[in-house]
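What follows is a single structure, written as structure tokens, with notes after it.
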Amino acid sequence: MERRFKTEIPAFRALALQIATKAVNGTADPREEIMRAIGRAGTAVAGARAWAGPELRLVVLPEYFLTGFPMGESVAGWRDLAAIAPDGPEYAALGEIASRHQVFLSGNAYESDPHFPELYFQTSFILDPAGEVILRYRRLHSMYSPSPYDVWDRYLEIYGIDAVFPVARTEIGALACIASEEILYPELARALALRGAEVFCHSTSEIASPSLTPKAVARRARAVENLAYVVSANSGGLDGIPIPRDSTNGGSELLDFEGRVLAQAGGGESIVAAAELDLAALRRARSRPGMGNLPARVKTALWAQEYGRHDGERPNGLAHAVPDRAWFTRRQQDVIDRTVS
């Protein structure tokens, strides 16, 4: 496990900003819709900053708040419709929001990559108060979208393993991103925690319920397992597709490093999911021997050996191909056929 920060920092407020999403599927000018979405996010951040004051240092936006998600579009079609460039005007506009309001701004978008021009990646990002992108995480687990694992050898050759599991060390702590359903995969959160992550920025778009959903259960587990804060922003409704808008609406929440809910939003656009994060307390917990210090008790070599014995989803499946939607289903069926007796 990597060395932790030694100096204590003041506590700060974090916000899981719950805003509505408008899908670009079938729109006449998707680029204009994306810029409008950035404008709506900027207005909401401005309001939240005015309400909370300078103690608000971290704002997390929902998953694919710029575009919605693909509904049957081909990989090439969705890339052209909804993917933004790593150096494009959209990031410049988001950086202006972060800079103007002096916050760390995290979100999630579909992104093109000049090294893989036929694909796109779903990317979680963090911008700092100077407006610079300081973290870019490409989602590794996705049912119907390409991931770095699908072009694994070349991706590592270009970006290296640190870009696969990035952690941003900042004046408000070590920040990392987890995208949507990836909160269900304990290995990802653990890998980020082993690299020092203290706060998981979880951009999601999910079914909310008064009862605990699988993702809500997973958020609590990831917080406890890793002694980490979780700031989880869900959509405040999704318009523009046949699915009823409130199917993904509400439940944004912040969890402390013992899995306790610090704040939780109801339905609709909301700044209710905001709370103070005390990094000094988290670091004291991580530095204290005891049964509850689970990260310090992980037997990494044991699990590395055991995982290496199993033949699950294989890398490089798209090294020489562009998938249609059926390809992703065939890949999963292949894993099931090989691993389920």
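Identifiers for the structure tokens are assigned positionally: chains receive A, B, ... in sequence, residues are indexed from 1 per chain, and ligands are indexed from 1 in the order shown.
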Shell of 9 Å around A:Glu313, only C-alpha atoms, local chain residues under 6 positions omitted, as a PyMOL selection string: chain A and resi 331-332+334-335
Write a file of the just-selected residues containing N, CA, C and O atoms, as a PDB file, in the first residue's frame.
ATOM      1  N   ARG A 331     -19.180 -11.819 -26.108  1.00  0.00           N
ATOM      2  CA  ARG A 331     -18.024 -11.890 -25.211  1.00  0.00           C
ATOM      3  C   ARG A 331     -18.446 -12.374 -23.825  1.00  0.00           C
ATOM      4  O   ARG A 331     -17.795 -13.242 -23.236  1.00  0.00           O
ATOM      5  N   GLN A 332     -19.528 -11.822 -23.314  1.00  0.00           N
ATOM      6  CA  GLN A 332     -19.976 -12.243 -21.996  1.00  0.00           C
ATOM      7  C   GLN A 332     -20.405 -13.706 -21.993  1.00  0.00           C
ATOM      8  O   GLN A 332     -20.103 -14.454 -21.048  1.00  0.00           O
ATOM      9  N   ASP A 334     -19.230 -16.024 -23.810  1.00  0.00           N
ATOM     10  CA  ASP A 334     -18.002 -16.821 -23.853  1.00  0.00           C
ATOM     11  C   ASP A 334     -17.415 -16.986 -22.456  1.00  0.00           C
ATOM     12  O   ASP A 334     -16.979 -18.087 -22.077  1.00  0.00           O
ATOM     13  N   VAL A 335     -17.406 -15.897 -21.679  1.00  0.00           N
ATOM     14  CA  VAL A 335     -16.912 -15.988 -20.303  1.00  0.00           C
ATOM     15  C   VAL A 335     -17.768 -16.958 -19.493  1.00  0.00           C
ATOM     16  O   VAL A 335     -17.249 -17.809 -18.752  1.00  0.00           O
TER      17      VAL A 335
END
All residues 12 Å or closer to stretch 295-308 of chain A, only C-alpha atoms, same chain fewer than 4 positions away omitted, as an MDAnalysis selection string: chainID A and resid 1:4 187 189:198 222:228 257 285:291 312:313
Would you write out those residues with C-alpha atoms, as a PDB file, in the first residue's frame?
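Output saved as out.pdb:
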ATOM      1  CA  MET A   1       0.000   0.000   0.000  1.00  0.00           C
ATOM      2  CA  GLU A   2       1.334   3.443  -0.899  1.00  0.00           C
ATOM      3  CA  ARG A   3       2.425   5.935   1.714  1.00  0.00           C
ATOM      4  CA  ARG A   4      -0.326   8.142   3.024  1.00  0.00           C
ATOM      5  CA  GLU A 187     -11.347  -4.849  -7.046  1.00  0.00           C
ATOM      6  CA  ALA A 189     -12.022   0.543  -5.498  1.00  0.00           C
ATOM      7  CA  ARG A 190      -9.411  -1.532  -3.666  1.00  0.00           C
ATOM      8  CA  ALA A 191      -6.813  -0.923  -6.391  1.00  0.00           C
ATOM      9  CA  LEU A 192      -7.421   2.831  -6.146  1.00  0.00           C
ATOM     10  CA  ALA A 193      -7.267   2.721  -2.352  1.00  0.00           C
ATOM     11  CA  LEU A 194      -4.004   0.791  -2.494  1.00  0.00           C
ATOM     12  CA  ARG A 195      -2.712   3.683  -4.594  1.00  0.00           C
ATOM     13  CA  GLY A 196      -3.730   6.093  -1.858  1.00  0.00           C
ATOM     14  CA  ALA A 197      -7.252   7.210  -2.815  1.00  0.00           C
ATOM     15  CA  GLU A 198      -9.156   8.762   0.082  1.00  0.00           C
ATOM     16  CA  ARG A 222     -16.602   0.198  -0.702  1.00  0.00           C
ATOM     17  CA  ALA A 223     -16.441   2.932   1.944  1.00  0.00           C
ATOM     18  CA  VAL A 224     -15.995   0.435   4.788  1.00  0.00           C
ATOM     19  CA  GLU A 225     -13.599  -1.879   2.946  1.00  0.00           C
ATOM     20  CA  ASN A 226     -11.253   0.924   1.997  1.00  0.00           C
ATOM     21  CA  LEU A 227     -11.735   3.482   4.785  1.00  0.00           C
ATOM     22  CA  ALA A 228     -12.684   6.010   2.130  1.00  0.00           C
ATOM     23  CA  PHE A 257     -15.246   5.993   5.804  1.00  0.00           C
ATOM     24  CA  ALA A 285      -8.342   5.821  11.143  1.00  0.00           C
ATOM     25  CA  ARG A 286      -6.013   4.501   8.455  1.00  0.00           C
ATOM     26  CA  SER A 287      -2.988   4.962  10.729  1.00  0.00           C
ATOM     27  CA  ARG A 288      -4.492   3.122  13.710  1.00  0.00           C
ATOM     28  CA  PRO A 289      -3.888  -0.654  14.071  1.00  0.00           C
ATOM     29  CA  GLY A 290      -7.030  -2.660  14.746  1.00  0.00           C
ATOM     30  CA  MET A 291      -9.677  -4.949  13.311  1.00  0.00           C
ATOM     31  CA  GLY A 312     -12.330 -14.554 -16.961  1.00  0.00           C
ATOM     32  CA  GLU A 313     -12.883 -11.757 -19.458  1.00  0.00           C
TER      33      GLU A 313
END
Contacts of stretch 146-156 of chain A within 8 Å, only C-alpha atoms, excl. fewer than 3 positions in-chain, as a ChimeraX atom specification: /A:119-122,138-142,159-161,164,315-319
Sel. of alpha helix (DSSP H) residues, stretch 104-337 of chain A, as JSON, numbers by chain: {"A": [152, 153, 154, 155, 156, 157, 158, 159, 161, 162, 163, 164, 186, 187, 188, 189, 190, 191, 192, 193, 194, 214, 215, 216, 217, 218, 219, 220, 221, 222, 223, 224, 225, 226, 279, 280, 281, 282, 283, 284, 285, 286, 287, 300, 301, 302, 303, 304, 305, 306, 307, 325, 326, 327, 328, 329, 330, 331, 332, 333, 334, 335, 336, 337]}
Stretch 63-65 of chain A surroundings by only C-alpha atoms, 8 Å radius, close-in-sequence under 4 positions cut, as an NGL selection string: :A and (19-22 or 37 or 69 or 107-110 or 179-180 or 203-205 or 233-235)
Exercise: stretch 83-85 of chain A partners within 9 Å, only C-alpha atoms, chain neighbours under 2 positions left out, as an MDAnalysis selection string: chainID A and resid 31 67 78:81 87:91 109:114 120:122
Residue nearest A:Ala93 - candidates A:Ile34, A:Leu135, A:Trp51, A:Ser145, atoms counted: only C-alpha atoms: A:Ile34
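Distances here use only C-alpha atoms; by that measure, the residue among A:Ala280, A:Ala23, A:Arg136, A:Gly131 closest to A:Pro166 is A:Arg136.
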Straight-line distance linking atom CA of A:Ser270 with atom CA of A:Gly47, stated in Å to one decimal: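 The value is 10.6 Å.
Across A:Arg260, A:Asp278, A:Leu184, A:Arg13, the tightest approach to A:Glu55 is made by A:Arg13 when counting only C-alpha atoms.
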Backbone-only DSSP, strand (DSSP E or B) members of stretch 110-258 of chain A, as number ranges by chain: A: 110-111, 121-127, 133-138, 168-170, 173-179, 199-203, 229-233, 236, 238-239, 249, 253-255
Who sits within 8 Å of A:Arg57, only C-alpha atoms, same chain under 3 positions skipped, as a PyMOL selection string: chain A and resi 12-14+54+102-104+172
Spatial neighbours of A:Asp128, max dist 8 Å, only C-alpha atoms, sep filter under 4 positions, as an MDAnalysis selection string: chainID A and resid 95 98:99 102:105 132:134
Generate the output file for the selected residues, N, CA, C and O atoms, as a short mmCIF file (atom, residue, chain, number, x, y, z; two decimals), in the first residue's frame.
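Everything below was put into out06.cif:
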data_model
loop_
_atom_site.label_atom_id
_atom_site.label_comp_id
_atom_site.auth_asym_id
_atom_site.auth_seq_id
_atom_site.Cartn_x
_atom_site.Cartn_y
_atom_site.Cartn_z
N GLY A 95 -13.63 23.60 -17.38
CA GLY A 95 -12.53 24.16 -16.63
C GLY A 95 -12.81 25.58 -16.17
O GLY A 95 -12.42 25.99 -15.07
N ALA A 98 -14.92 25.34 -13.03
CA ALA A 98 -14.10 25.00 -11.86
C ALA A 98 -13.28 26.19 -11.40
O ALA A 98 -13.17 26.47 -10.20
N SER A 99 -12.70 26.90 -12.35
CA SER A 99 -11.86 28.05 -12.03
C SER A 99 -12.67 29.20 -11.44
O SER A 99 -12.29 29.81 -10.44
N GLN A 102 -13.74 28.12 -7.98
CA GLN A 102 -12.67 27.61 -7.13
C GLN A 102 -13.04 26.29 -6.45
O GLN A 102 -12.94 26.12 -5.24
N VAL A 103 -13.46 25.35 -7.30
CA VAL A 103 -13.79 24.02 -6.82
C VAL A 103 -13.07 22.97 -7.66
O VAL A 103 -12.67 23.22 -8.80
N PHE A 104 -12.89 21.81 -7.07
CA PHE A 104 -12.54 20.62 -7.83
C PHE A 104 -13.85 20.09 -8.40
O PHE A 104 -14.82 19.89 -7.67
N LEU A 105 -13.87 19.88 -9.71
CA LEU A 105 -15.10 19.50 -10.41
C LEU A 105 -14.91 18.14 -11.06
O LEU A 105 -14.03 17.96 -11.91
N GLU A 132 -7.71 22.99 -14.83
CA GLU A 132 -6.95 21.96 -15.54
C GLU A 132 -7.47 20.57 -15.22
O GLU A 132 -7.85 20.29 -14.07
N VAL A 133 -7.47 19.69 -16.23
CA VAL A 133 -7.81 18.29 -15.99
C VAL A 133 -6.65 17.63 -15.27
O VAL A 133 -5.55 17.52 -15.82
N ILE A 134 -6.87 17.20 -14.04
CA ILE A 134 -5.80 16.57 -13.26
C ILE A 134 -5.99 15.07 -13.13
O ILE A 134 -5.09 14.38 -12.63
#
Residue among A:Leu61, A:Val230, A:Ile126, A:Ile183 lying closest to A:Thr213, counting only C-alpha atoms: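 Residue with the minimum atom-to-atom distance to A:Thr213: A:Ile183.
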